[in-house]
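Participant: Structure file query.cif (mmCIF, C-alpha atoms) right here:
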```
data_work
loop_
_atom_site.label_atom_id
_atom_site.label_comp_id
_atom_site.auth_asym_id
_atom_site.auth_seq_id
_atom_site.Cartn_x
_atom_site.Cartn_y
_atom_site.Cartn_z
CA MET A 1 259.79 76.90 177.42
CA THR A 2 260.37 80.26 175.73
CA ASP A 3 260.49 83.68 177.32
CA ALA A 4 257.07 84.31 175.80
CA HIS A 5 255.60 81.47 177.81
CA ASP A 6 257.38 82.58 180.98
CA THR A 7 255.87 86.05 180.77
CA ALA A 8 252.42 85.25 179.39
CA ALA A 9 250.66 85.01 182.72
CA ASP A 10 252.23 88.26 183.96
CA SER A 11 251.68 90.27 180.75
CA PRO A 12 249.82 93.52 181.47
CA LEU A 13 247.13 95.01 179.29
CA ARG A 14 249.28 96.38 176.48
CA THR A 15 246.92 98.96 175.03
CA THR A 16 247.75 102.61 175.55
CA GLY A 17 246.67 103.83 178.95
CA GLY A 18 244.91 100.56 179.69
CA ALA A 19 242.21 101.42 177.12
CA PRO A 20 241.19 99.56 173.96
CA PRO A 21 243.48 100.21 170.97
CA ASP A 22 243.00 102.94 168.42
CA ASP A 23 240.67 102.33 165.49
CA ASP A 24 243.55 101.03 163.40
CA GLY A 25 244.08 98.26 165.95
CA SER A 26 247.50 99.63 166.98
CA SER A 27 248.69 98.79 170.43
CA ALA A 28 251.83 99.37 172.45
CA ALA A 29 254.93 100.39 170.50
CA GLU A 30 256.88 97.21 171.22
CA ALA A 31 256.55 94.42 168.68
CA PRO A 32 254.23 91.52 169.56
CA ILE A 33 255.88 88.19 170.36
CA PRO A 34 255.08 85.14 168.19
CA LEU A 35 253.63 82.30 170.26
CA LEU A 36 254.98 79.22 168.52
CA GLU A 37 254.60 76.30 170.96
CA PRO A 38 252.30 75.41 173.86
CA ARG A 39 254.23 75.84 177.10
CA GLU A 40 254.11 72.10 177.92
CA GLY A 41 254.32 71.02 174.29
CA ILE A 42 251.54 69.48 172.20
CA PRO A 43 249.56 67.01 174.36
CA PRO A 44 248.54 63.64 172.89
CA VAL A 45 244.97 63.50 171.58
CA ILE A 46 242.68 61.70 174.02
CA ALA A 47 240.77 59.07 172.06
CA ASP A 48 239.78 56.34 174.54
CA GLU A 49 237.88 55.96 177.80
CA ALA A 50 241.00 55.50 179.93
CA GLY A 51 242.55 58.73 178.67
CA LEU A 52 239.25 60.55 179.11
CA ALA A 53 238.96 59.35 182.72
CA GLU A 54 242.45 60.72 183.44
CA ALA A 55 241.51 64.06 181.89
CA VAL A 56 238.31 64.26 183.94
CA ALA A 57 240.30 63.68 187.14
CA ALA A 58 242.97 66.19 186.14
CA PHE A 59 240.50 68.96 185.34
CA ALA A 60 238.43 68.28 188.42
CA ALA A 61 241.60 68.79 190.47
CA GLY A 62 242.59 72.01 188.69
CA THR A 63 241.94 75.51 189.98
CA GLY A 64 240.43 78.68 188.56
CA PRO A 65 238.61 79.18 185.26
CA VAL A 66 238.89 76.63 182.45
CA ALA A 67 239.59 77.68 178.86
CA VAL A 68 237.41 75.76 176.39
CA ASP A 69 237.39 75.67 172.59
CA ALA A 70 236.00 73.36 169.92
CA GLU A 71 236.87 72.80 166.28
CA ARG A 72 234.17 71.96 163.73
CA ALA A 73 234.36 70.93 160.08
CA SER A 74 232.10 73.60 158.61
CA GLY A 75 232.08 73.44 154.83
CA TYR A 76 233.25 69.82 154.85
CA ARG A 77 230.80 67.80 156.97
CA TYR A 78 227.06 67.86 157.58
CA GLY A 79 225.99 69.79 160.65
CA GLN A 80 228.07 71.58 163.24
CA ARG A 81 229.39 68.76 165.42
CA ALA A 82 232.70 69.10 167.25
CA TYR A 83 235.70 67.20 165.92
CA LEU A 84 238.19 68.37 168.54
CA VAL A 85 237.72 69.84 172.01
CA GLN A 86 240.52 71.78 173.70
CA LEU A 87 240.71 72.66 177.39
CA ARG A 88 243.26 74.31 179.64
CA ARG A 89 243.18 74.97 183.38
CA GLN A 90 245.65 75.94 186.05
CA GLY A 91 247.04 72.74 187.57
CA SER A 92 245.52 70.59 184.82
CA GLY A 93 247.50 71.64 181.76
CA THR A 94 246.07 71.40 178.25
CA ALA A 95 243.95 68.54 176.93
CA LEU A 96 242.98 67.77 173.34
CA ILE A 97 240.00 65.41 173.15
CA ASP A 98 238.64 63.58 170.10
CA PRO A 99 234.83 63.72 170.49
CA VAL A 100 234.40 61.24 167.64
CA ALA A 101 236.24 58.53 169.60
CA CYS A 102 234.82 59.86 172.91
CA PRO A 103 231.34 61.12 172.00
CA ASP A 104 230.08 61.45 175.60
CA LEU A 105 231.95 64.11 177.56
CA SER A 106 229.22 64.56 180.18
CA ALA A 107 231.55 63.31 182.93
CA LEU A 108 233.98 66.09 182.04
CA GLY A 109 231.13 68.59 181.94
CA GLU A 110 230.00 67.45 185.40
CA ALA A 111 233.54 67.67 186.76
CA LEU A 112 233.64 71.31 185.65
CA SER A 113 230.16 72.16 186.94
CA GLY A 114 230.27 75.43 188.82
CA THR A 115 233.62 76.34 187.25
CA GLU A 116 233.75 79.42 185.05
CA TRP A 117 234.32 78.42 181.41
CA VAL A 118 236.26 80.87 179.25
CA LEU A 119 235.28 80.76 175.58
CA HIS A 120 235.83 83.09 172.64
CA ALA A 121 232.54 83.71 170.77
CA ALA A 122 230.74 81.30 173.07
CA THR A 123 227.50 81.08 171.10
CA GLN A 124 229.39 79.49 168.20
CA ASP A 125 230.77 76.61 170.26
CA LEU A 126 228.05 76.01 172.86
CA PRO A 127 225.68 74.08 170.52
CA CYS A 128 228.32 71.50 169.52
CA LEU A 129 229.57 71.24 173.12
CA ARG A 130 226.01 70.67 174.32
CA GLU A 131 225.69 67.74 171.90
CA ILE A 132 228.54 65.92 173.66
CA GLY A 133 227.38 66.64 177.20
CA MET A 134 229.32 69.80 178.03
CA VAL A 135 227.13 72.64 179.28
CA PRO A 136 228.59 75.48 181.39
CA THR A 137 226.76 77.01 184.32
CA ARG A 138 229.09 80.05 184.35
CA LEU A 139 231.09 81.52 181.51
CA PHE A 140 233.23 84.42 180.37
CA ASP A 141 233.15 85.24 176.66
CA THR A 142 236.34 87.02 175.63
CA GLU A 143 234.94 88.13 172.27
CA LEU A 144 231.85 89.68 173.84
CA ALA A 145 234.01 91.24 176.55
CA GLY A 146 236.09 92.83 173.81
CA ARG A 147 232.98 94.24 172.17
CA LEU A 148 231.68 95.72 175.41
CA ALA A 149 235.11 97.20 176.15
CA GLY A 150 235.18 98.92 172.76
CA PHE A 151 237.90 96.97 170.94
CA PRO A 152 237.48 97.47 167.18
CA ARG A 153 238.86 94.01 166.32
CA VAL A 154 237.60 91.15 168.49
CA GLY A 155 238.86 88.01 166.74
CA LEU A 156 240.92 85.83 169.07
CA GLY A 157 244.19 86.56 167.27
CA ALA A 158 243.61 90.31 167.30
CA MET A 159 242.59 90.30 170.98
CA VAL A 160 245.58 88.23 172.11
CA GLU A 161 247.90 90.51 170.16
CA ASN A 162 246.38 93.84 171.22
CA VAL A 163 245.74 92.92 174.85
CA LEU A 164 248.54 90.51 175.74
CA GLY A 165 251.15 91.24 173.08
CA PHE A 166 251.45 87.76 171.55
CA VAL A 167 250.83 86.64 167.99
CA LEU A 168 248.85 83.44 167.43
CA GLU A 169 249.29 81.53 164.17
CA LYS A 170 245.81 81.40 162.61
CA GLY A 171 246.46 79.45 159.41
CA HIS A 172 244.40 76.36 160.24
CA SER A 173 241.04 77.84 161.25
CA ALA A 174 239.22 76.65 158.11
CA VAL A 175 240.71 73.18 157.69
CA ASP A 176 238.76 69.91 157.70
CA TRP A 177 238.89 68.99 161.39
CA SER A 178 237.21 65.65 160.67
CA THR A 179 240.56 64.50 159.20
CA ARG A 180 242.11 61.56 161.05
CA PRO A 181 244.79 61.50 162.22
CA LEU A 182 244.99 65.23 162.76
CA PRO A 183 248.32 66.66 161.54
CA GLU A 184 250.70 67.94 164.20
CA PRO A 185 250.61 71.59 162.97
CA TRP A 186 246.83 71.57 163.38
CA LEU A 187 247.11 70.18 166.90
CA ARG A 188 249.68 72.85 167.78
CA TYR A 189 247.29 75.52 166.49
CA ALA A 190 244.42 74.00 168.50
CA ALA A 191 246.43 73.86 171.73
CA LEU A 192 247.59 77.47 171.29
CA ASP A 193 243.98 78.61 170.96
CA VAL A 194 243.44 77.90 174.67
CA GLU A 195 247.01 78.70 175.78
CA LEU A 196 246.34 82.32 176.73
CA LEU A 197 242.55 82.37 176.94
CA VAL A 198 242.46 82.65 180.74
CA ASP A 199 245.19 85.34 180.63
CA LEU A 200 243.04 87.23 178.13
CA ARG A 201 240.01 86.81 180.37
CA ASP A 202 241.87 88.25 183.37
CA ALA A 203 243.12 91.27 181.42
CA LEU A 204 239.66 91.98 179.96
CA GLU A 205 238.02 91.67 183.36
CA LYS A 206 240.34 94.40 184.64
CA GLU A 207 239.61 96.57 181.61
CA LEU A 208 235.85 96.15 181.94
CA ASP A 209 236.10 96.98 185.63
CA ARG A 210 238.13 100.10 184.79
CA GLN A 211 235.40 101.22 182.39
CA GLY A 212 232.60 100.47 184.85
CA LYS A 213 231.21 97.73 182.57
CA LEU A 214 232.11 94.55 184.45
CA GLU A 215 228.63 94.05 185.88
CA TRP A 216 227.16 94.60 182.40
CA ALA A 217 229.41 91.88 181.03
CA ARG A 218 228.45 89.48 183.81
CA GLN A 219 224.79 89.97 182.98
CA GLU A 220 225.52 89.21 179.33
CA PHE A 221 227.50 86.08 180.19
CA ASP A 222 224.74 84.85 182.52
CA ALA A 223 222.19 85.37 179.75
CA ILE A 224 224.25 83.24 177.34
CA ALA A 225 224.80 80.47 179.91
CA SER A 226 221.11 80.29 180.85
CA ALA A 227 219.69 80.57 177.32
CA PRO A 228 217.80 77.48 176.13
CA PRO A 229 218.90 75.75 172.92
CA PRO A 230 217.61 77.69 169.89
CA GLU A 231 214.47 76.46 168.21
CA PRO A 232 214.96 74.74 164.83
CA ARG A 233 214.80 77.31 162.05
CA LYS A 234 211.45 77.40 160.24
CA ASP A 235 211.70 76.87 156.47
CA PRO A 236 215.52 76.84 156.36
CA TRP A 237 215.38 76.49 152.56
CA ARG A 238 214.37 80.15 152.40
CA ARG A 239 217.93 81.06 153.37
CA THR A 240 219.33 79.65 150.13
CA SER A 241 221.91 82.11 148.80
CA GLY A 242 220.45 84.03 145.86
CA MET A 243 216.86 83.45 147.01
CA HIS A 244 216.07 87.12 146.39
CA LYS A 245 216.03 86.35 142.65
CA VAL A 246 213.20 83.83 143.06
CA ARG A 247 209.87 85.64 142.77
CA ARG A 248 207.22 83.15 141.66
CA ARG A 249 205.70 80.60 144.02
CA ARG A 250 206.29 77.71 141.61
CA GLN A 251 209.96 78.63 141.50
CA MET A 252 210.05 78.80 145.28
CA ALA A 253 208.63 75.27 145.36
CA VAL A 254 211.53 74.11 143.18
CA VAL A 255 214.00 75.66 145.63
CA ARG A 256 212.27 73.90 148.52
CA GLU A 257 212.25 70.47 146.80
CA LEU A 258 215.87 70.71 145.66
CA TRP A 259 217.02 72.02 149.05
CA GLN A 260 215.25 69.23 150.94
CA THR A 261 216.57 66.56 148.55
CA ARG A 262 220.08 67.93 148.89
CA ASP A 263 219.79 68.02 152.67
CA ARG A 264 218.78 64.36 152.87
CA ILE A 265 221.69 63.35 150.64
CA ALA A 266 224.17 65.49 152.57
CA GLN A 267 223.02 64.08 155.90
CA ARG A 268 223.26 60.50 154.61
CA ARG A 269 226.74 61.07 153.19
CA ASP A 270 227.86 63.32 156.10
CA VAL A 271 229.12 66.05 153.82
CA SER A 272 228.43 69.76 153.63
CA PRO A 273 225.26 70.39 151.57
CA GLY A 274 227.19 72.84 149.40
CA LYS A 275 229.43 70.00 148.27
CA VAL A 276 226.39 68.02 147.11
CA LEU A 277 224.84 70.88 145.11
CA PRO A 278 225.71 74.59 145.26
CA ASP A 279 223.04 77.09 146.22
CA ALA A 280 223.64 78.83 142.88
CA ALA A 281 222.61 75.66 141.02
CA ILE A 282 219.40 75.37 143.06
CA VAL A 283 218.44 78.94 142.21
CA GLU A 284 219.38 78.43 138.56
CA ALA A 285 217.06 75.42 138.30
CA ALA A 286 214.25 77.26 140.07
CA LEU A 287 214.42 80.17 137.65
CA ALA A 288 214.61 77.92 134.57
CA LEU A 289 211.99 75.31 135.61
CA PRO A 290 213.59 72.66 133.31
CA ALA A 291 211.10 70.24 131.78
CA ASN A 292 213.51 67.29 131.49
CA VAL A 293 216.99 65.99 132.33
CA HIS A 294 218.42 67.32 129.07
CA ALA A 295 217.28 70.86 129.89
CA LEU A 296 218.56 70.51 133.48
CA ALA A 297 222.00 69.36 132.30
CA ALA A 298 222.37 72.56 130.28
CA LEU A 299 222.17 74.71 133.44
CA ASN A 300 225.14 75.97 135.45
CA GLY A 301 225.92 73.54 138.26
CA PHE A 302 224.40 70.53 136.51
CA GLY A 303 226.98 70.06 133.79
CA GLN A 304 229.66 67.48 133.08
CA ARG A 305 230.53 66.59 136.67
CA VAL A 306 226.95 65.48 137.42
CA GLY A 307 226.18 61.87 136.45
CA ARG A 308 222.98 60.70 134.79
CA ARG A 309 221.62 59.16 138.00
CA GLN A 310 222.22 62.38 139.95
CA LEU A 311 220.61 64.44 137.20
CA GLU A 312 217.55 62.22 137.40
CA GLN A 313 217.18 62.69 141.14
CA TRP A 314 217.46 66.49 140.79
CA GLN A 315 214.98 66.49 137.89
CA ALA A 316 212.60 64.36 139.99
CA ALA A 317 212.68 67.09 142.66
CA VAL A 318 211.91 69.72 140.01
CA ASP A 319 209.07 67.57 138.66
CA ARG A 320 207.56 67.23 142.15
CA ALA A 321 207.49 71.00 142.47
CA ARG A 322 205.99 71.39 138.98
CA ALA A 323 203.21 68.92 139.89
CA LEU A 324 202.07 70.71 143.06
CA SER A 325 198.67 72.35 143.12
CA GLU A 326 198.43 76.08 143.72
CA SER A 327 197.36 75.51 147.34
CA GLN A 328 200.50 73.44 147.98
CA LEU A 329 202.92 76.10 146.79
CA PRO A 330 204.88 78.04 149.42
CA GLN A 331 203.81 81.56 150.22
CA PRO A 332 206.08 84.35 148.99
CA GLY A 333 207.29 85.27 152.46
CA GLN A 334 207.71 83.89 155.94
CA PRO A 335 204.95 84.71 158.43
CA VAL A 336 205.85 87.99 160.10
CA THR A 337 205.43 87.92 163.87
CA GLY A 338 206.93 91.33 164.53
CA PRO A 339 206.89 94.74 162.89
CA PRO A 340 207.09 95.08 159.10
CA PRO A 341 210.45 95.88 157.47
CA PRO A 342 211.51 99.43 158.45
CA ARG A 343 211.49 100.56 154.81
CA ALA A 344 207.70 100.11 154.81
CA TRP A 345 207.07 102.10 157.97
CA ALA A 346 206.82 105.51 156.30
CA ASP A 347 203.83 104.31 154.27
CA LYS A 348 202.18 102.13 156.89
CA ASP A 349 202.65 104.34 159.96
CA PRO A 350 204.55 107.62 159.53
CA GLU A 351 204.48 108.32 163.27
CA ALA A 352 206.10 104.97 164.02
CA ALA A 353 208.71 105.70 161.35
CA ALA A 354 209.49 109.01 163.08
CA ARG A 355 209.78 107.25 166.45
CA LEU A 356 212.16 104.69 164.97
CA SER A 357 214.31 107.35 163.37
CA ALA A 358 214.61 109.23 166.65
CA ALA A 359 215.28 106.03 168.60
CA ARG A 360 217.99 104.88 166.20
CA ALA A 361 219.74 108.24 166.40
CA GLY A 362 219.56 108.21 170.20
CA VAL A 363 220.83 104.65 170.53
CA SER A 364 223.64 105.35 168.07
CA ALA A 365 224.77 108.39 170.04
CA LEU A 366 224.60 106.49 173.33
CA ALA A 367 226.57 103.55 171.92
CA GLU A 368 229.24 105.96 170.73
CA ARG A 369 229.47 107.57 174.17
CA LEU A 370 229.73 104.13 175.81
CA ASN A 371 232.26 102.98 173.18
CA MET A 372 230.53 99.78 172.14
CA PRO A 373 228.62 98.45 169.10
CA GLN A 374 224.95 99.45 168.95
CA GLU A 375 223.80 95.83 168.69
CA ASN A 376 225.50 95.02 172.01
CA LEU A 377 223.90 98.00 173.69
CA ILE A 378 220.42 96.87 172.56
CA THR A 379 219.32 94.65 169.68
CA PRO A 380 217.87 96.48 166.66
CA ASP A 381 214.85 94.15 166.75
CA THR A 382 214.06 95.23 170.31
CA VAL A 383 214.17 98.89 169.30
CA ARG A 384 211.91 98.24 166.32
CA ARG A 385 209.31 96.38 168.38
CA VAL A 386 209.11 99.07 171.05
CA CYS A 387 208.82 101.81 168.42
CA TRP A 388 206.17 99.96 166.41
CA GLU A 389 203.98 99.20 169.43
CA PRO A 390 205.00 101.54 172.25
CA PRO A 391 203.32 101.31 175.68
CA GLN A 392 199.98 103.08 175.92
CA THR A 393 201.42 105.44 178.48
CA VAL A 394 205.04 106.18 177.71
CA ASP A 395 207.20 106.69 180.78
CA ALA A 396 210.38 105.20 182.21
CA GLU A 397 208.53 102.43 184.03
CA SER A 398 206.44 101.29 181.04
CA VAL A 399 209.37 101.39 178.61
CA ALA A 400 211.58 99.49 181.05
CA ARG A 401 208.85 96.87 181.39
CA ALA A 402 208.55 96.57 177.61
CA LEU A 403 212.31 96.12 177.23
CA ALA A 404 212.40 93.48 179.94
CA GLY A 405 209.58 91.62 178.20
CA LEU A 406 211.68 91.53 175.04
CA GLY A 407 214.66 90.00 176.86
CA ALA A 408 216.81 93.06 177.51
CA ARG A 409 219.18 92.77 180.45
CA ALA A 410 218.97 95.06 183.48
CA TRP A 411 222.02 97.11 182.44
CA GLN A 412 220.61 97.60 178.94
CA ILE A 413 217.27 98.72 180.35
CA GLU A 414 218.99 101.21 182.64
CA GLN A 415 221.04 102.71 179.83
CA VAL A 416 218.52 102.68 176.97
CA THR A 417 215.23 103.53 178.69
CA PRO A 418 215.84 107.32 178.87
CA VAL A 419 216.79 107.37 175.17
CA LEU A 420 213.66 105.49 174.13
CA VAL A 421 211.35 107.53 176.36
CA GLU A 422 212.65 110.68 174.67
CA ALA A 423 212.25 109.14 171.19
CA LEU A 424 208.75 107.86 171.87
CA THR A 425 207.49 111.16 173.29
CA ALA A 426 209.20 113.52 170.85
CA ARG A 427 206.92 115.72 168.77
CA PRO A 428 207.34 114.96 165.05
CA SER A 429 208.85 117.91 163.22
CA ALA A 430 206.48 119.83 161.01
#
```
Now that the file is in, can you turn its structure into structure tokens?
Facilitator:
Amino acid sequence: MTDAHDTAADSPLRTTGGAPPDDDGSSAAEAPIPLLEPREGIPPVIADEAGLAEAVAAFAAGTGPVAVDAERASGYRYGQRAYLVQLRRQGSGTALIDPVACPDLSALGEALSGTEWVLHAATQDLPCLREIGMVPTRLFDTELAGRLAGFPRVGLGAMVENVLGFVLEKGHSAVDWSTRPLPEPWLRYAALDVELLVDLRDALEKELDRQGKLEWARQEFDAIASAPPPEPRKDPWRRTSGMHKVRRRRQMAVVRELWQTRDRIAQRRDVSPGKVLPDAAIVEAALALPANVHALAALNGFGQRVGRRQLEQWQAAVDRARALSESQLPQPGQPVTGPPPPRAWADKDPEAAARLSAARAGVSALAERLNMPQENLITPDTVRRVCWEPPQTVDAESVARALAGLGARAWQIEQVTPVLVEALTARPSA
């Protein structure tokens, strides 16, 4: 065990005066300490039921919050499933679990029910954890805590360095975690990701309390923990990179057919869709509307590396789109359920545009005073909706009710309501 490990738990908040670091991310004058090894070494990967049962018992017997992290294989595999789960708890040590060999971790989730889970950027990991039976009832998100506390850099490495004074090695964040067996340097990296997470949580809790924001953070964490799984995205093909170049409905139909064909192939082969066919190639084919395989092969993305059989399946998708009737073609935009894009407000409703301008300025100034990002103070979509359709009678009570109906938390309503009341009742300048 190194001196760094001995002192980790006792390390104070290292930022000047107990406040978040300066805008350049600088912290205390002393040099940060590299964290090279987990304090108990790299634990063996749990990959069978017997090992999992031991881990469940160990973590049930532990005390205090539990640090949780998950590694995915984004860019390599289809979907966002977890390929490694890391946990650490006082009295339990660190565990590395292979969720491919142990796909049901519900017993572990149940053993930790009621325990506070500490995650960094929780919304990224919660969907893949939910798939394997791990759903927290209480959580603390160290990234979100950093945002609310006003830290300019909130990545895990930056937070551990600026708050605790230790440097984490971050070289393996984008590797293919579906690899088996996982190399030892990757496992060391994974174990270190949860090594100081509870220490970071404790330091941030003190900082939030010092700033008078701890209750705000708790409301945010409760909202994340209680949020239902997100609805499947409607028309996900519309998010194809470069889609803004595609203007005609027939071309949009080509994007849809190619995207859906690619998605089926990627799911069947369990590879990232981008490895089957790049987005740029889909857009290229949509713009060109090739009439045959020969014309398709001449396009970027469909050249020498694509075999004849693959070319034929892509051309078949293009042909299906070319054969659709006008009524079957996709519409040039997704159905809009909320306000129009802000750039159109000045023409559609100048008074609403003036309200939005005043509200944005007020929210920006308030966020600066509170030292936090505007989007954490209140979501831009919430501000737009209230400004587009304000209450019939604008006062603190009606605006607060409107914000609550749009999902704003109590602390957000308390802070933002006066700003929005002023913006919604301001006389437009002549």
Participant: So how far away is CA of Glu351 (chain A) from CA of Arg384 (chain A), in Å?
Facilitator: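 We find that CA of Arg384 (chain A) and CA of Glu351 (chain A) lie 12.9 Å from each other.
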Participant: From (245.0, 77.6, 175.9), in the file's coordinates, out to 12 Å: which residues are reached, counting all atoms listed in the file? Answer as a ChimeraX atom specification.
Facilitator: /A:5,8-9,35,37-43,65-70,85-90,92-96,118-120,156,160,168,187-201
Participant: I'd like the neighbourhood of Asp141 (chain A) as JSON, numbers by chain, where a residue qualifies if any of its atoms comes within 10 Å (using all atoms listed in the file), though same-chain residues fewer than 2 positions away should be ignored.
Facilitator: {"A": [117, 118, 119, 120, 121, 122, 123, 139, 143, 144, 145, 146, 197, 201, 204, 217, 218, 220, 221, 224]}
Participant: My list of candidates is A:His294, A:Arg385, A:Arg249, A:Lys206. Which is closest to Arg322 (chain A) when distances are computed with all atoms listed in the file?
Facilitator: A:Arg249
Participant: Give the answer as one residue: which of A:Asp263, A:Glu54, A:Asp381, A:Asp279 has the shortest atom-to-atom distance to Leu356 (chain A), using all atoms listed in the file?
Facilitator: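 Of all the options, A:Asp381 lies closest to Leu356 (chain A).
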Participant: Can you list, as a list in words, every protein, DNA or RNA residue that comes within 10 Å of Pro127 (chain A) when you count only C-alpha atoms, leaving out same-chain residues fewer than 3 positions away?
Facilitator: Gln80, Arg81, Ala82, Ala122, Thr123, Gln124, Arg130, Glu131, Ile132, Met134, Val135, Pro229 and Pro230 of chain A
Participant: What separation in Å, quoted to one decimal, exists between CA of Thr379 (chain A) and CA of Ala408 (chain A)?
Facilitator: 8.4 Å
Participant: Could you jot down the CA of Gly212 (chain A) to CA of Leu112 (chain A) separation for me, Å, one decimal place?
Facilitator: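 These two atoms are separated by 29.2 Å.
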Participant: What's around Arg147 (chain A) at 10 Å? Count all atoms listed in the file, leave out sequence neighbours fewer than 4 positions away in its own chain, and write the answer as an NGL selection string.
Facilitator: :A and (20 or 142-143 or 151-154 or 217 or 371-373 or 375-377)
Participant: Write out, as a JSON list (two decimals), in the coordinates of the input, the residues just selected, with C-alpha atoms.
Facilitator:
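Contents of part_34.json, as written:
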```json
[["chain", "number", "residue", "atom", "x", "y", "z"],
["A", 20, "PRO", "CA", 241.19, 99.56, 173.96],
["A", 142, "THR", "CA", 236.34, 87.02, 175.63],
["A", 143, "GLU", "CA", 234.94, 88.13, 172.27],
["A", 151, "PHE", "CA", 237.90, 96.97, 170.94],
["A", 152, "PRO", "CA", 237.48, 97.47, 167.18],
["A", 153, "ARG", "CA", 238.86, 94.01, 166.32],
["A", 154, "VAL", "CA", 237.60, 91.15, 168.49],
["A", 217, "ALA", "CA", 229.41, 91.88, 181.03],
["A", 371, "ASN", "CA", 232.26, 102.98, 173.18],
["A", 372, "MET", "CA", 230.53, 99.78, 172.14],
["A", 373, "PRO", "CA", 228.62, 98.45, 169.10],
["A", 375, "GLU", "CA", 223.80, 95.83, 168.69],
["A", 376, "ASN", "CA", 225.50, 95.02, 172.01],
["A", 377, "LEU", "CA", 223.90, 98.00, 173.69]]
```
Participant: Using all atoms listed in the file, find the one residue out of A:Ala358, A:Trp216, A:Met252, A:Ser178 that sits nearest to Gln412 (chain A).
Facilitator: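 Nearest to Gln412 (chain A): A:Trp216.
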Participant: Report as a compact mmCIF listing (two decimals) with C-alpha atoms, in the coordinates of the input the full result of the PyMOL selection byres ((chain A and resi 305-317) around 10) when it is applied to this structure.
Facilitator:
```
# COMPACT_ATOMS: atom_id res chain seq x y z
CA ALA A 253 208.63 75.27 145.36
CA VAL A 254 211.53 74.11 143.18
CA VAL A 255 214.00 75.66 145.63
CA ARG A 256 212.27 73.90 148.52
CA GLU A 257 212.25 70.47 146.80
CA LEU A 258 215.87 70.71 145.66
CA TRP A 259 217.02 72.02 149.05
CA GLN A 260 215.25 69.23 150.94
CA THR A 261 216.57 66.56 148.55
CA ARG A 262 220.08 67.93 148.89
CA LEU A 277 224.84 70.88 145.11
CA ILE A 282 219.40 75.37 143.06
CA ALA A 285 217.06 75.42 138.30
CA LEU A 289 211.99 75.31 135.61
CA PRO A 290 213.59 72.66 133.31
CA ALA A 291 211.10 70.24 131.78
CA ASN A 292 213.51 67.29 131.49
CA VAL A 293 216.99 65.99 132.33
CA HIS A 294 218.42 67.32 129.07
CA ALA A 295 217.28 70.86 129.89
CA LEU A 296 218.56 70.51 133.48
CA ALA A 297 222.00 69.36 132.30
CA GLY A 301 225.92 73.54 138.26
CA PHE A 302 224.40 70.53 136.51
CA GLY A 303 226.98 70.06 133.79
CA GLN A 304 229.66 67.48 133.08
CA VAL A 318 211.91 69.72 140.01
CA ASP A 319 209.07 67.57 138.66
CA ARG A 320 207.56 67.23 142.15
CA ALA A 321 207.49 71.00 142.47
CA ARG A 322 205.99 71.39 138.98
```
Participant: Would you pick out the contacts of Phe166 (chain A) at 9 Å or less, using only C-alpha atoms, so that residues sharing its chain but fewer than 3 positions from it are not included, and give the list as a ChimeraX atom specification?
Facilitator: /A:4,8,31-35,157,160-163
Participant: Go ahead and write the selection's residues with C-alpha atoms as a PDB file, in the coordinates of the input.
Facilitator:
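Produced file part-v8.pdb, reproduced below:
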```
ATOM      1  CA  ALA A   4     257.070  84.310 175.800  1.00  0.00           C
ATOM      2  CA  ALA A   8     252.420  85.250 179.390  1.00  0.00           C
ATOM      3  CA  ALA A  31     256.550  94.420 168.680  1.00  0.00           C
ATOM      4  CA  PRO A  32     254.230  91.520 169.560  1.00  0.00           C
ATOM      5  CA  ILE A  33     255.880  88.190 170.360  1.00  0.00           C
ATOM      6  CA  PRO A  34     255.080  85.140 168.190  1.00  0.00           C
ATOM      7  CA  LEU A  35     253.630  82.300 170.260  1.00  0.00           C
ATOM      8  CA  GLY A 157     244.190  86.560 167.270  1.00  0.00           C
ATOM      9  CA  VAL A 160     245.580  88.230 172.110  1.00  0.00           C
ATOM     10  CA  GLU A 161     247.900  90.510 170.160  1.00  0.00           C
ATOM     11  CA  ASN A 162     246.380  93.840 171.220  1.00  0.00           C
ATOM     12  CA  VAL A 163     245.740  92.920 174.850  1.00  0.00           C
TER      13      VAL A 163
END
```
Participant: Which residue out of A:Glu49, A:Pro342, A:Ala203, A:Thr382 has the minimum interatomic distance to Gly407 (chain A) when all atoms listed in the file are used?
Facilitator: A:Thr382
Participant: So that I can see what lies close to region 393-395 of chain A, please list as a PyMOL selection string the residues with an atom at most 8 Å from it, counting only C-alpha atoms and leaving out residues fewer than 2 positions away in the same chain.
Facilitator: chain A and resi 390-391+397-399+421+424-425
Participant: Let me have the centre and edge lengths in Å, one decimal, of the box along x, y and z around every listed atom of region 129-135 of chain A with 8 Å of margin on each side, as JSON.
Facilitator:
```
{"center_x": 227.6, "center_y": 69.3, "center_z": 175.6, "size_x": 19.9, "size_y": 22.7, "size_z": 23.4}
```
